[in-house]
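The structure file start.cif is reproduced below (mmCIF, C-alpha atoms).
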data_upload
#
loop_
_atom_site.label_atom_id
_atom_site.label_comp_id
_atom_site.auth_asym_id
_atom_site.auth_seq_id
_atom_site.Cartn_x
_atom_site.Cartn_y
_atom_site.Cartn_z
CA MET V 1 52.60 -41.01 -0.70
CA LEU V 2 56.23 -40.84 0.36
CA LEU V 3 57.29 -37.60 2.07
CA THR V 4 60.88 -37.47 0.86
CA SER V 5 62.31 -38.87 -2.34
CA THR V 6 65.64 -40.66 -2.68
CA ASN V 7 67.34 -37.61 -4.20
CA GLU V 8 66.83 -35.47 -1.10
CA ILE V 9 68.49 -37.90 1.30
CA LYS V 10 71.54 -38.92 -0.72
CA ASP V 11 74.78 -39.34 1.18
CA ASN V 12 77.26 -36.46 1.06
CA GLY V 13 80.62 -35.44 2.48
CA MET V 14 81.96 -37.63 5.25
CA GLU V 15 79.35 -40.32 4.58
CA ARG V 16 80.79 -40.80 1.10
CA ILE V 17 84.21 -41.60 2.55
CA LEU V 18 82.69 -44.06 5.02
CA ASN V 19 80.69 -45.61 2.18
CA PHE V 20 83.89 -46.39 0.31
CA PHE V 21 84.90 -48.68 3.16
CA ARG V 22 81.42 -50.01 3.86
CA LYS V 23 80.93 -51.37 0.35
CA LYS V 24 84.05 -53.55 0.69
CA SER V 25 82.75 -55.38 3.72
CA LEU V 26 79.13 -56.47 3.43
CA TRP V 27 77.69 -59.13 5.70
CA MET V 28 74.48 -60.71 4.54
CA LEU V 29 71.96 -62.14 6.93
CA HIS V 30 71.15 -65.83 6.73
CA TYR V 31 67.44 -65.41 6.31
CA CYS V 32 65.67 -67.21 3.51
CA THR V 33 62.11 -67.09 2.28
CA GLY V 34 60.75 -68.62 -0.90
CA CYS V 35 62.73 -70.46 -3.54
CA GLY V 36 65.71 -68.12 -4.01
CA ALA V 37 67.45 -69.67 -1.04
CA VAL V 38 68.74 -72.54 -3.20
CA GLU V 39 70.70 -70.08 -5.34
CA LEU V 40 72.67 -68.82 -2.37
CA PRO V 41 74.82 -71.88 -1.49
CA PRO V 42 76.49 -71.93 -4.94
CA THR V 43 76.90 -68.15 -4.74
CA MET V 44 78.55 -68.40 -1.35
CA THR V 45 80.78 -71.42 -1.97
CA SER V 46 83.71 -72.15 -4.25
CA ARG V 47 81.91 -72.18 -7.61
CA TRP V 48 80.99 -68.48 -7.62
CA ASP V 49 82.72 -67.55 -4.38
CA MET V 50 81.00 -64.52 -2.92
CA GLU V 51 83.87 -63.93 -0.55
CA ARG V 52 86.09 -62.44 -3.27
CA PHE V 53 83.83 -59.36 -3.06
CA GLY V 54 84.36 -59.14 0.67
CA MET V 55 80.91 -60.52 1.46
CA GLY V 56 80.09 -63.17 4.00
CA PRO V 57 77.12 -64.76 5.69
CA MET V 58 76.16 -63.67 9.20
CA ALA V 59 73.91 -65.53 11.58
CA THR V 60 72.43 -62.65 13.58
CA PRO V 61 70.58 -59.56 12.29
CA ARG V 62 72.37 -57.29 14.78
CA GLN V 63 75.69 -57.78 13.02
CA ALA V 64 74.45 -57.97 9.44
CA ASP V 65 74.32 -55.20 6.81
CA LEU V 66 72.37 -56.88 4.06
CA LEU V 67 68.91 -58.42 4.17
CA LEU V 68 68.02 -60.64 1.24
CA ILE V 69 64.39 -61.34 0.49
CA THR V 70 64.85 -64.48 -1.56
CA GLY V 71 61.51 -64.89 -3.29
CA TYR V 72 57.86 -64.78 -2.36
CA LEU V 73 56.92 -63.39 1.03
CA SER V 74 53.78 -64.51 2.81
CA VAL V 75 52.02 -62.25 5.27
CA LYS V 76 53.13 -64.43 8.13
CA SER V 77 56.80 -64.12 7.24
CA LEU V 78 56.42 -60.41 6.39
CA LYS V 79 55.89 -59.81 10.09
CA ARG V 80 59.11 -61.67 10.91
CA VAL V 81 61.02 -59.87 8.16
CA ILE V 82 59.98 -56.51 9.59
CA TYR V 83 61.10 -57.58 13.07
CA THR V 84 64.41 -58.67 11.59
CA TYR V 85 64.89 -55.51 9.54
CA GLU V 86 64.23 -53.25 12.50
CA GLN V 87 66.73 -55.18 14.60
CA MET V 88 69.52 -54.61 12.11
CA GLN V 89 71.88 -51.76 12.79
CA GLU V 90 72.32 -48.93 10.33
CA PRO V 91 73.60 -48.69 7.68
CA LYS V 92 71.56 -51.56 6.24
CA TRP V 93 70.41 -52.55 2.79
CA VAL V 94 67.65 -54.71 1.36
CA ILE V 95 67.87 -56.74 -1.85
CA ALA V 96 64.73 -58.33 -3.31
CA PHE V 97 65.17 -61.46 -5.41
CA GLY V 98 63.07 -62.44 -8.39
CA SER V 99 59.71 -61.19 -9.55
CA CYS V 100 57.63 -62.07 -6.48
CA PRO V 101 58.67 -59.12 -4.26
CA ILE V 102 58.22 -56.72 -7.23
CA ASN V 103 54.70 -57.54 -8.44
CA GLY V 104 53.71 -60.87 -6.92
CA GLY V 105 55.18 -63.02 -9.71
CA ILE V 106 53.31 -66.29 -10.10
CA TYR V 107 51.63 -65.58 -6.76
CA TYR V 108 49.97 -62.42 -8.08
CA ASP V 109 46.50 -63.75 -7.13
CA SER V 110 47.42 -65.48 -3.88
CA TYR V 111 45.51 -64.54 -0.77
CA SER V 112 48.50 -64.97 1.53
CA VAL V 113 51.46 -63.61 -0.47
CA ILE V 114 52.18 -59.88 -0.68
CA ASN V 115 52.55 -58.29 -4.12
CA ARG V 116 54.99 -55.41 -3.59
CA LEU V 117 57.65 -55.52 -0.95
CA ALA V 118 58.51 -51.84 -1.50
CA LEU V 119 55.27 -50.83 0.24
CA TYR V 120 56.37 -52.34 3.55
CA MET V 121 60.11 -51.78 3.62
CA PRO V 122 62.61 -49.85 1.47
CA VAL V 123 64.17 -51.99 -1.27
CA ASP V 124 67.57 -50.80 -2.46
CA LEU V 125 67.92 -53.22 -5.35
CA SER V 126 65.76 -55.76 -7.14
CA ILE V 127 67.30 -58.64 -9.08
CA GLU V 128 65.05 -59.88 -11.86
CA GLY V 129 64.61 -63.52 -12.80
CA CYS V 130 62.58 -66.42 -11.54
CA MET V 131 64.88 -67.31 -9.86
CA PRO V 132 68.02 -65.27 -10.67
CA ARG V 133 71.11 -67.34 -11.48
CA PRO V 134 74.21 -66.87 -9.29
CA GLU V 135 75.74 -64.72 -12.07
CA ALA V 136 72.79 -62.35 -11.83
CA ILE V 137 73.06 -62.28 -8.04
CA ILE V 138 76.77 -61.42 -8.22
CA ASP V 139 75.95 -58.74 -10.79
CA GLY V 140 73.33 -57.36 -8.41
CA PHE V 141 75.80 -57.31 -5.55
CA THR V 142 78.36 -55.34 -7.57
CA LYS V 143 75.62 -52.89 -8.63
CA LEU V 144 74.67 -52.42 -4.98
CA MET V 145 78.31 -51.75 -4.10
CA LYS V 146 78.48 -49.06 -6.79
CA ALA V 147 75.24 -47.54 -5.50
CA ILE V 148 76.59 -47.50 -1.95
CA GLU V 149 79.76 -45.77 -3.10
CA LYS V 150 77.78 -43.12 -4.97
CA GLY V 151 75.60 -42.61 -1.90
CA GLU V 152 72.41 -43.67 -3.66
CA ALA V 153 71.61 -46.75 -1.59
CA VAL V 154 69.91 -44.96 1.30
CA GLY V 155 66.89 -47.18 1.90
CA TYR V 156 67.42 -47.15 5.65
CA LYS V 157 67.25 -43.35 5.70
CA LYS V 158 64.09 -43.48 3.62
CA TYR V 159 62.59 -45.87 6.15
CA ARG V 160 63.44 -43.50 8.99
CA GLU V 161 62.07 -40.42 7.19
CA ASN V 162 58.84 -42.09 6.04
CA TYR V 163 58.38 -44.31 9.07
CA GLU V 164 54.68 -43.49 9.48
CA TRP V 165 53.92 -44.25 5.83
CA TYR V 166 55.62 -47.65 6.00
CA LYS V 167 54.00 -48.46 9.35
CA ALA V 168 50.54 -47.57 8.01
CA ASN V 169 51.06 -49.94 5.08
CA GLN V 170 52.28 -52.70 7.37
CA ARG V 171 49.37 -52.23 9.74
CA ASN V 172 46.94 -52.37 6.84
CA VAL V 173 48.04 -55.93 6.12
CA LEU V 174 49.02 -57.25 9.53
CA GLU V 175 46.51 -55.69 11.93
CA ARG V 176 43.31 -55.52 9.92
CA THR V 177 40.10 -55.46 11.95
CA SER V 178 37.46 -55.98 9.26
CA ALA V 179 36.96 -58.15 6.19
CA VAL V 180 38.52 -56.98 2.91
CA LEU V 181 35.84 -58.19 0.52
CA LYS V 182 32.29 -57.10 1.17
CA GLU V 183 29.79 -59.93 1.47
CA GLU V 184 27.12 -59.81 -1.25
CA ALA V 185 23.67 -59.74 0.22
CA MET K 186 43.97 -109.62 4.00
CA GLU K 187 43.63 -109.15 0.27
CA GLN K 188 41.91 -106.07 -1.05
CA ARG K 189 38.98 -108.22 -2.25
CA GLU K 190 38.36 -109.56 1.24
CA ILE K 191 38.48 -106.10 2.80
CA ILE K 192 35.92 -104.82 0.30
CA LEU K 193 33.67 -107.84 0.97
CA LYS K 194 33.83 -107.11 4.69
CA ILE K 195 32.90 -103.48 4.16
CA LYS K 196 30.00 -104.48 1.89
CA GLU K 197 28.75 -106.97 4.51
CA ASN K 198 28.64 -104.36 7.25
CA PHE K 199 27.74 -101.24 5.30
CA SER K 200 25.51 -102.27 2.42
CA LYS K 201 24.71 -98.68 1.41
CA SER K 202 28.35 -97.67 0.82
CA GLU K 203 29.80 -97.51 -2.70
CA VAL K 204 33.28 -98.94 -3.33
CA LYS K 205 35.49 -97.90 -6.22
CA VAL K 206 38.79 -99.67 -6.91
CA PHE K 207 41.71 -97.71 -8.42
CA ASP K 208 44.36 -100.44 -8.42
CA GLU K 209 45.49 -103.38 -6.27
CA LYS K 210 46.67 -101.09 -3.48
CA GLN K 211 44.13 -98.26 -3.54
CA PHE K 212 40.38 -97.97 -3.35
CA SER K 213 37.75 -95.56 -2.12
CA VAL K 214 34.58 -95.95 -0.09
CA PHE K 215 31.73 -93.49 -0.37
CA ALA K 216 29.59 -93.52 2.76
CA ASP K 217 26.56 -91.73 4.10
CA LYS K 218 27.10 -88.72 6.37
CA ASP K 219 25.50 -90.43 9.37
CA ASP K 220 27.61 -93.57 8.89
CA ILE K 221 30.98 -91.84 8.73
CA VAL K 222 32.14 -92.35 12.31
CA ARG K 223 30.97 -95.97 12.36
CA ILE K 224 32.69 -96.80 9.08
CA LEU K 225 35.92 -95.10 10.17
CA SER K 226 36.02 -96.97 13.48
CA PHE K 227 35.32 -100.16 11.56
CA MET K 228 38.23 -99.44 9.22
CA GLN K 229 40.48 -98.78 12.20
CA MET K 230 39.40 -102.08 13.75
CA ILE K 231 40.26 -104.14 10.66
CA GLY K 232 43.78 -102.72 10.50
CA PHE K 233 43.84 -99.21 9.02
CA GLN K 234 46.00 -97.71 11.76
CA GLN K 235 46.95 -94.41 10.18
CA LEU K 236 44.84 -91.37 9.36
CA ALA K 237 47.11 -89.71 6.82
CA ILE K 238 45.08 -86.54 6.16
CA ILE K 239 41.57 -85.14 6.18
CA SER K 240 40.79 -83.14 3.07
CA ALA K 241 37.74 -81.37 1.69
CA VAL K 242 36.36 -80.60 -1.78
CA ASP K 243 33.95 -77.77 -2.53
CA TRP K 244 31.27 -78.91 -5.02
CA ILE K 245 29.68 -75.51 -5.37
CA ASP K 246 27.16 -76.44 -8.11
CA GLU K 247 25.83 -79.34 -6.05
CA LYS K 248 25.88 -77.14 -2.93
CA LYS K 249 27.86 -79.85 -1.11
CA PHE K 250 31.18 -80.23 0.69
CA GLU K 251 32.93 -83.55 0.22
CA LEU K 252 35.13 -84.71 3.09
CA VAL K 253 37.91 -87.18 2.29
CA TYR K 254 39.54 -89.24 5.02
CA ASN K 255 42.78 -90.74 3.76
CA LEU K 256 43.63 -93.96 5.64
CA PHE K 257 46.59 -96.30 5.38
CA SER K 258 47.12 -99.81 6.65
CA TYR K 259 50.57 -101.15 7.50
CA THR K 260 49.25 -104.70 7.95
CA HIS K 261 47.47 -105.01 4.58
CA ILE K 262 49.58 -102.39 2.70
CA GLN K 263 46.40 -100.73 1.43
CA GLN K 264 45.35 -97.13 1.04
CA VAL K 265 41.72 -96.15 1.25
CA LEU K 266 39.85 -92.89 0.77
CA VAL K 267 36.69 -92.74 2.84
CA LYS K 268 34.45 -90.03 1.43
CA THR K 269 31.21 -88.40 2.45
CA LYS K 270 29.18 -85.38 1.38
CA ILE K 271 27.62 -82.77 3.66
CA GLU K 272 25.45 -79.73 3.05
CA ARG K 273 27.26 -76.56 2.01
CA ASP K 274 25.13 -74.17 4.10
CA ASN K 275 25.94 -74.53 7.76
CA PRO K 276 28.32 -77.47 7.24
CA LYS K 277 28.74 -79.65 10.30
CA ILE K 278 30.03 -83.16 10.92
CA GLN K 279 31.02 -85.40 13.82
CA SER K 280 34.68 -85.18 14.87
CA VAL K 281 36.85 -88.31 14.69
CA MET K 282 39.21 -87.16 17.44
CA ASN K 283 38.26 -90.16 19.56
CA LEU K 284 39.56 -92.56 16.91
CA TRP K 285 42.75 -90.75 15.92
CA GLU K 286 44.12 -88.00 18.15
CA VAL K 287 45.90 -86.46 15.16
CA ALA K 288 42.51 -85.62 13.66
CA GLN K 289 42.42 -82.60 15.97
CA MET K 290 44.98 -80.77 13.81
CA TYR K 291 43.54 -81.91 10.47
CA GLU K 292 40.05 -80.82 11.45
CA ARG K 293 41.37 -77.48 12.60
CA ASP K 294 43.04 -77.08 9.22
CA VAL K 295 39.87 -77.98 7.29
CA HIS K 296 37.87 -75.64 9.52
CA GLU K 297 40.23 -72.77 8.76
CA PHE K 298 40.23 -73.18 4.98
CA PHE K 299 36.62 -74.34 4.38
CA GLY K 300 34.70 -73.22 7.44
CA ILE K 301 33.39 -76.69 8.25
CA GLU K 302 32.39 -77.25 11.89
CA PHE K 303 33.41 -80.43 13.69
CA SER K 304 31.24 -81.21 16.69
CA GLY K 305 33.33 -82.65 19.51
CA ASN K 306 36.46 -80.73 18.51
CA ASP K 307 36.53 -77.53 20.51
CA ASP K 308 39.98 -76.10 19.79
CA MET K 309 39.51 -74.26 16.50
CA ARG K 310 42.03 -71.44 16.88
CA PRO K 311 43.55 -70.13 13.62
CA LEU K 312 46.41 -72.34 12.54
CA ILE K 313 48.06 -71.06 9.34
CA LEU K 314 46.50 -67.81 8.14
CA HIS K 315 47.53 -64.52 9.72
CA ASN K 316 44.74 -62.35 11.09
CA TRP K 317 42.06 -63.68 8.72
CA LYS K 318 38.77 -61.79 8.65
CA ASP K 319 37.23 -62.82 5.33
CA LYS K 320 35.36 -65.96 4.33
CA PRO K 321 37.47 -69.16 4.29
CA PRO K 322 39.86 -68.86 1.33
CA MET K 323 39.57 -72.34 -0.21
CA ARG K 324 35.84 -72.00 -0.85
CA LYS K 325 35.11 -71.74 -4.57
CA ASP K 326 33.16 -68.49 -4.21
CA PHE K 327 36.13 -66.70 -2.62
CA ASP K 328 37.69 -64.40 -5.23
CA SER K 329 41.41 -64.68 -4.54
CA LEU K 330 42.53 -62.26 -7.28
CA LYS K 331 40.11 -59.56 -6.15
CA TYR K 332 41.24 -60.01 -2.54
CA SER K 333 44.90 -59.83 -3.53
CA ASN K 334 44.43 -56.66 -5.60
CA GLU K 335 42.36 -55.03 -2.88
CA ILE K 336 44.78 -55.51 -0.01
CA TYR K 337 48.26 -56.02 -1.53
CA GLY K 338 47.78 -53.61 -4.45
CA THR K 339 48.61 -53.92 -8.11
CA PHE K 340 51.88 -52.94 -9.76
CA LYS K 341 52.04 -49.36 -11.05
CA LYS K 342 55.13 -48.49 -13.03
CA SER K 343 54.91 -44.71 -12.70
CA GLU K 344 54.74 -44.54 -8.93
CA GLU K 345 57.97 -44.29 -6.98
CA VAL K 346 58.32 -46.19 -3.73
#

Spell out the structure here as structure tokens.
Amino acid sequence: MLLTSTNEIKDNGMERILNFFRKKSLWMLHYCTGCGAVELPPTMTSRWDMERFGMGPMATPRQADLLLITGYLSVKSLKRVIYTYEQMQEPKWVIAFGSCPINGGIYYDSYSVINRLALYMPVDLSIEGCMPRPEAIIDGFTKLMKAIEKGEAVGYKKYRENYEWYKANQRNVLERTSAVLKEEA
Amino acid sequence: MEQREIILKIKENFSKSEVKVFDEKQFSVFADKDDIVRILSFMQMIGFQQLAIISAVDWIDEKKFELVYNLFSYTHIQQVLVKTKIERDNPKIQSVMNLWEVAQMYERDVHEFFGIEFSGNDDMRPLILHNWKDKPPMRKDFDSLKYSNEIYGTFKKSEEV
């Protein structure tokens, strides 16, 4: 189980002032998995215009603040997502799109798609829908901004505090050494 | 060549094979396991240049694997499925790498998802799955839901993560 809960590591004092400025300038990483990627171009461009919230796309993880998991995540891309997340500089936030990263969605019985993203990396916000419309995505972004301002979006701290727990979960999927299902004799 | 002529030619050379016509551009040939390389090289000779895909079907009740070679001809504008059945226990078949080089990848793919051995094709490194230790996942007796619940967990509302 997790060692520290979100309430214990909330931002206070000086962090809260910094957070006020951070929430106005979020750069999201151009990394797309699954089907949610098609919802992002209309969100970014003139129809819904993400830039009015001070958000923009960024090509490299080292300069991005926001990692979007846009839909189902296979084990093979989970490894890449973890690499990407660990390369990002703090403060950083993760948004999960749709039902697949929450409980597997329509891939609940797939042998290659993970069921819960929250076991492998801290998720600050989940947007429901399959897939969420740009309105829902914008709504999610504004909710994340409010959470950042209140100091509640501290997933990156949670990852640091519970590093061993997250690593153990990741290793369980990525570096298994024996078969999962026992062969019937 | 018309489809009728192609089928006549196949019948002449391989009397045991069964031909089934779907429409004027598609038909299938069911051949014996031992004939498969000969019939495929014959098809290549009469103008089926492209091996589009190799696929497999698991007939678990019959205890057989069915291999499907999907060929296409640019000269006759015809598509043909060449099929054969092999035993399900210890499945093994001759590789067709000598006829089409691309078969190397397709056979590797079929080997990964069905566990079928191809003699003559030595490079069978894992291609798509990550760190796979269980039985090949596309076999009918592989329980995908049980596997998923066991390793990726089920959703519990009460638990905070």

Up to 10 Å from chain K, what residues of chain V turn up? Count all atoms listed in the file and give them as number ranges by chain. V: 1-2, 5-6, 74-77, 79, 102-104, 107-123, 158, 169, 172-183

Name all residues at most 9 Å from Asn255 of chain K (count only C-alpha atoms; drop same-chain ones fewer than 6 positions away) and give them as a ChimeraX atom specification. /K:235-240,264-268

Check what the PyMOL selection byres ((chain V and resi 32-36) around 6) selects in the file above and give those residues as a count of residues only. 8

Contact residues around Glu197 of chain K with only C-alpha atoms at 12 Å, ignoring same-chain residues under 6 positions, as a ChimeraX atom specification: /K:190-191,203,224,227

Selection as a CSV table (one decimal) with C-alpha atoms, in the frame of the given file: residues within 7 Å of (44.7, -100.0, 7.8), counting all atoms listed in the file:
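Now in selection.csv:
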chain,number,residue,atom,x,y,z
K,228,MET,CA,38.2,-99.4,9.2
K,229,GLN,CA,40.5,-98.8,12.2
K,231,ILE,CA,40.3,-104.1,10.7
K,232,GLY,CA,43.8,-102.7,10.5
K,233,PHE,CA,43.8,-99.2,9.0
K,234,GLN,CA,46.0,-97.7,11.8
K,235,GLN,CA,47.0,-94.4,10.2
K,256,LEU,CA,43.6,-94.0,5.6
K,257,PHE,CA,46.6,-96.3,5.4
K,258,SER,CA,47.1,-99.8,6.6
K,259,TYR,CA,50.6,-101.2,7.5
K,260,THR,CA,49.2,-104.7,8.0
K,261,HIS,CA,47.5,-105.0,4.6
K,263,GLN,CA,46.4,-100.7,1.4

So how many Å separate atom CA of Asn275 of chain K and atom CA of Val295 of chain K, to one decimal?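 So the two atoms, atom CA of Asn275 of chain K and atom CA of Val295 of chain K, lie 14.4 Å apart.
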
Using only C-alpha atoms, determine which residues lie at most 7 Å from segment 12-29 of chain V, disregarding the query and same-chain residues fewer than 5 positions distant; provide the list as an mmCIF file with C-alpha atoms, in the frame of the given file.
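The result, written out as around-v9.cif:
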data_model
loop_
_atom_site.group_PDB
_atom_site.id
_atom_site.type_symbol
_atom_site.label_atom_id
_atom_site.label_comp_id
_atom_site.auth_asym_id
_atom_site.auth_seq_id
_atom_site.Cartn_x
_atom_site.Cartn_y
_atom_site.Cartn_z
ATOM 1 C CA PHE V 53 83.830 -59.360 -3.060
ATOM 2 C CA GLY V 54 84.360 -59.140 0.670
ATOM 3 C CA MET V 55 80.910 -60.520 1.460
ATOM 4 C CA GLY V 56 80.090 -63.170 4.000
ATOM 5 C CA PRO V 57 77.120 -64.760 5.690
ATOM 6 C CA MET V 58 76.160 -63.670 9.200
ATOM 7 C CA ALA V 59 73.910 -65.530 11.580
ATOM 8 C CA THR V 60 72.430 -62.650 13.580
ATOM 9 C CA PRO V 61 70.580 -59.560 12.290
ATOM 10 C CA ALA V 64 74.450 -57.970 9.440
ATOM 11 C CA ASP V 65 74.320 -55.200 6.810
ATOM 12 C CA LEU V 66 72.370 -56.880 4.060
ATOM 13 C CA LEU V 67 68.910 -58.420 4.170
ATOM 14 C CA MET V 145 78.310 -51.750 -4.100
ATOM 15 C CA ILE V 148 76.590 -47.500 -1.950
ATOM 16 C CA GLU V 149 79.760 -45.770 -3.100
ATOM 17 C CA GLY V 151 75.600 -42.610 -1.900
#

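One distance worth recording is that between atom CA of Met88 of chain V and atom CA of Gln63 of chain V, which is 7.0 Å.
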
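Atom CA of Pro276 of chain K sits 12.3 Å away from atom CA of Arg324 of chain K.
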
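For the structure in this document, the set picked by the PyMOL selection byres ((chain K and resi 306-309) around 7) is Ser280, Gln289, Arg293, Phe303, Ser304, Gly305, Arg310 and Pro311 of chain K.
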
For a cutoff of 12 Å around the file-coordinate point (32.4, -97.7, 0.0), which residues qualify once you count all atoms listed in the file? I'd like the result as number ranges by chain. K: 191-206, 212-217, 220-221, 224-225, 228, 265-269

Considering all atoms listed in the file, return as a VMD selection string whatever protein or nucleic-acid residues lie within 12 Å of Arg160 of chain V, sequence-local ones (same chain, fewer than 3 positions apart) excluded. chain V and resid 2 to 4 9 86 90 to 92 121 to 122 154 to 157 163 to 167

Contacts of Asp274 of chain K within 10 Å, all atoms listed in the file, excl. fewer than 4 positions in-chain, as a list in words: Lys248, Lys249, Phe250 and Ile301 of chain K

Specify the axis-aligned box that encloses all atoms of segment 78-93 of chain V listed in the file after padding of 8 Å on each side, stating its centre and edge lengths in Å to one decimal as lines of an AutoDock Vina configuration file.
center_x = 64.7
center_y = -55.2
center_z = 8.7
size_x = 33.7
size_y = 29.0
size_z = 27.8

Using all atoms listed in the file, find the one residue out of V:Pro134, V:Thr142, V:Ser126, V:Glu8 that sits nearest to Thr45 of chain V.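 Result for the nearest residue to Thr45 of chain V: V:Pro134.
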
Since fewer atoms than expected are present, regenerate N, CA and C atoms for segment 266-289 of chain K and write them as a JSON list (two decimals), in the frame of the given file.
[["chain", "number", "residue", "atom", "x", "y", "z"],
["K", 266, "LEU", "N", 40.45, -94.20, 0.58],
["K", 266, "LEU", "CA", 39.85, -92.89, 0.77],
["K", 266, "LEU", "C", 38.40, -93.09, 1.18],
["K", 267, "VAL", "N", 38.08, -92.66, 2.38],
["K", 267, "VAL", "CA", 36.69, -92.74, 2.84],
["K", 267, "VAL", "C", 36.06, -91.37, 2.63],
["K", 268, "LYS", "N", 35.01, -91.33, 1.81],
["K", 268, "LYS", "CA", 34.45, -90.03, 1.43],
["K", 268, "LYS", "C", 33.01, -89.91, 1.91],
["K", 269, "THR", "N", 32.61, -88.67, 2.13],
["K", 269, "THR", "CA", 31.21, -88.40, 2.45],
["K", 269, "THR", "C", 30.87, -86.99, 2.02],
["K", 270, "LYS", "N", 29.59, -86.73, 1.78],
["K", 270, "LYS", "CA", 29.18, -85.38, 1.38],
["K", 270, "LYS", "C", 28.27, -84.78, 2.43],
["K", 271, "ILE", "N", 28.49, -83.48, 2.71],
["K", 271, "ILE", "CA", 27.62, -82.77, 3.66],
["K", 271, "ILE", "C", 27.10, -81.50, 3.00],
["K", 272, "GLU", "N", 26.06, -80.95, 3.60],
["K", 272, "GLU", "CA", 25.45, -79.73, 3.05],
["K", 272, "GLU", "C", 26.44, -78.57, 3.09],
["K", 273, "ARG", "N", 26.33, -77.67, 2.09],
["K", 273, "ARG", "CA", 27.26, -76.56, 2.01],
["K", 273, "ARG", "C", 26.86, -75.42, 2.97],
["K", 274, "ASP", "N", 25.56, -75.20, 3.14],
["K", 274, "ASP", "CA", 25.13, -74.17, 4.10],
["K", 274, "ASP", "C", 25.16, -74.79, 5.49],
["K", 275, "ASN", "N", 25.81, -74.08, 6.38],
["K", 275, "ASN", "CA", 25.94, -74.53, 7.76],
["K", 275, "ASN", "C", 26.54, -75.94, 7.85],
["K", 276, "PRO", "N", 27.73, -76.13, 7.29],
["K", 276, "PRO", "CA", 28.32, -77.47, 7.24],
["K", 276, "PRO", "C", 28.78, -77.93, 8.63],
["K", 277, "LYS", "N", 28.39, -79.14, 8.98],
["K", 277, "LYS", "CA", 28.74, -79.65, 10.30],
["K", 277, "LYS", "C", 28.87, -81.17, 10.23],
["K", 278, "ILE", "N", 29.85, -81.71, 10.91],
["K", 278, "ILE", "CA", 30.03, -83.16, 10.92],
["K", 278, "ILE", "C", 30.66, -83.58, 12.25],
["K", 279, "GLN", "N", 30.47, -84.85, 12.57],
["K", 279, "GLN", "CA", 31.02, -85.40, 13.82],
["K", 279, "GLN", "C", 32.55, -85.45, 13.74],
["K", 280, "SER", "N", 33.22, -85.10, 14.83],
["K", 280, "SER", "CA", 34.68, -85.18, 14.87],
["K", 280, "SER", "C", 35.14, -86.63, 15.04],
["K", 281, "VAL", "N", 36.31, -86.96, 14.50],
["K", 281, "VAL", "CA", 36.85, -88.31, 14.69],
["K", 281, "VAL", "C", 38.07, -88.29, 15.63],
["K", 282, "MET", "N", 38.11, -87.28, 16.47],
["K", 282, "MET", "CA", 39.21, -87.16, 17.44],
["K", 282, "MET", "C", 39.35, -88.37, 18.35],
["K", 283, "ASN", "N", 38.21, -89.02, 18.65],
["K", 283, "ASN", "CA", 38.26, -90.16, 19.56],
["K", 283, "ASN", "C", 38.97, -91.36, 18.93],
["K", 284, "LEU", "N", 38.92, -91.44, 17.59],
["K", 284, "LEU", "CA", 39.56, -92.56, 16.91],
["K", 284, "LEU", "C", 41.05, -92.31, 16.68],
["K", 285, "TRP", "N", 41.35, -91.14, 16.14],
["K", 285, "TRP", "CA", 42.75, -90.75, 15.92],
["K", 285, "TRP", "C", 42.95, -89.38, 16.57],
["K", 286, "GLU", "N", 43.89, -89.29, 17.49],
["K", 286, "GLU", "CA", 44.12, -88.00, 18.15],
["K", 286, "GLU", "C", 44.59, -86.94, 17.16],
["K", 287, "VAL", "N", 45.33, -87.40, 16.13],
["K", 287, "VAL", "CA", 45.90, -86.46, 15.16],
["K", 287, "VAL", "C", 44.81, -85.72, 14.38],
["K", 288, "ALA", "N", 43.61, -86.26, 14.37],
["K", 288, "ALA", "CA", 42.51, -85.62, 13.66],
["K", 288, "ALA", "C", 42.25, -84.21, 14.18],
["K", 289, "GLN", "N", 42.63, -83.94, 15.40],
["K", 289, "GLN", "CA", 42.42, -82.60, 15.97],
["K", 289, "GLN", "C", 43.02, -81.52, 15.06]]
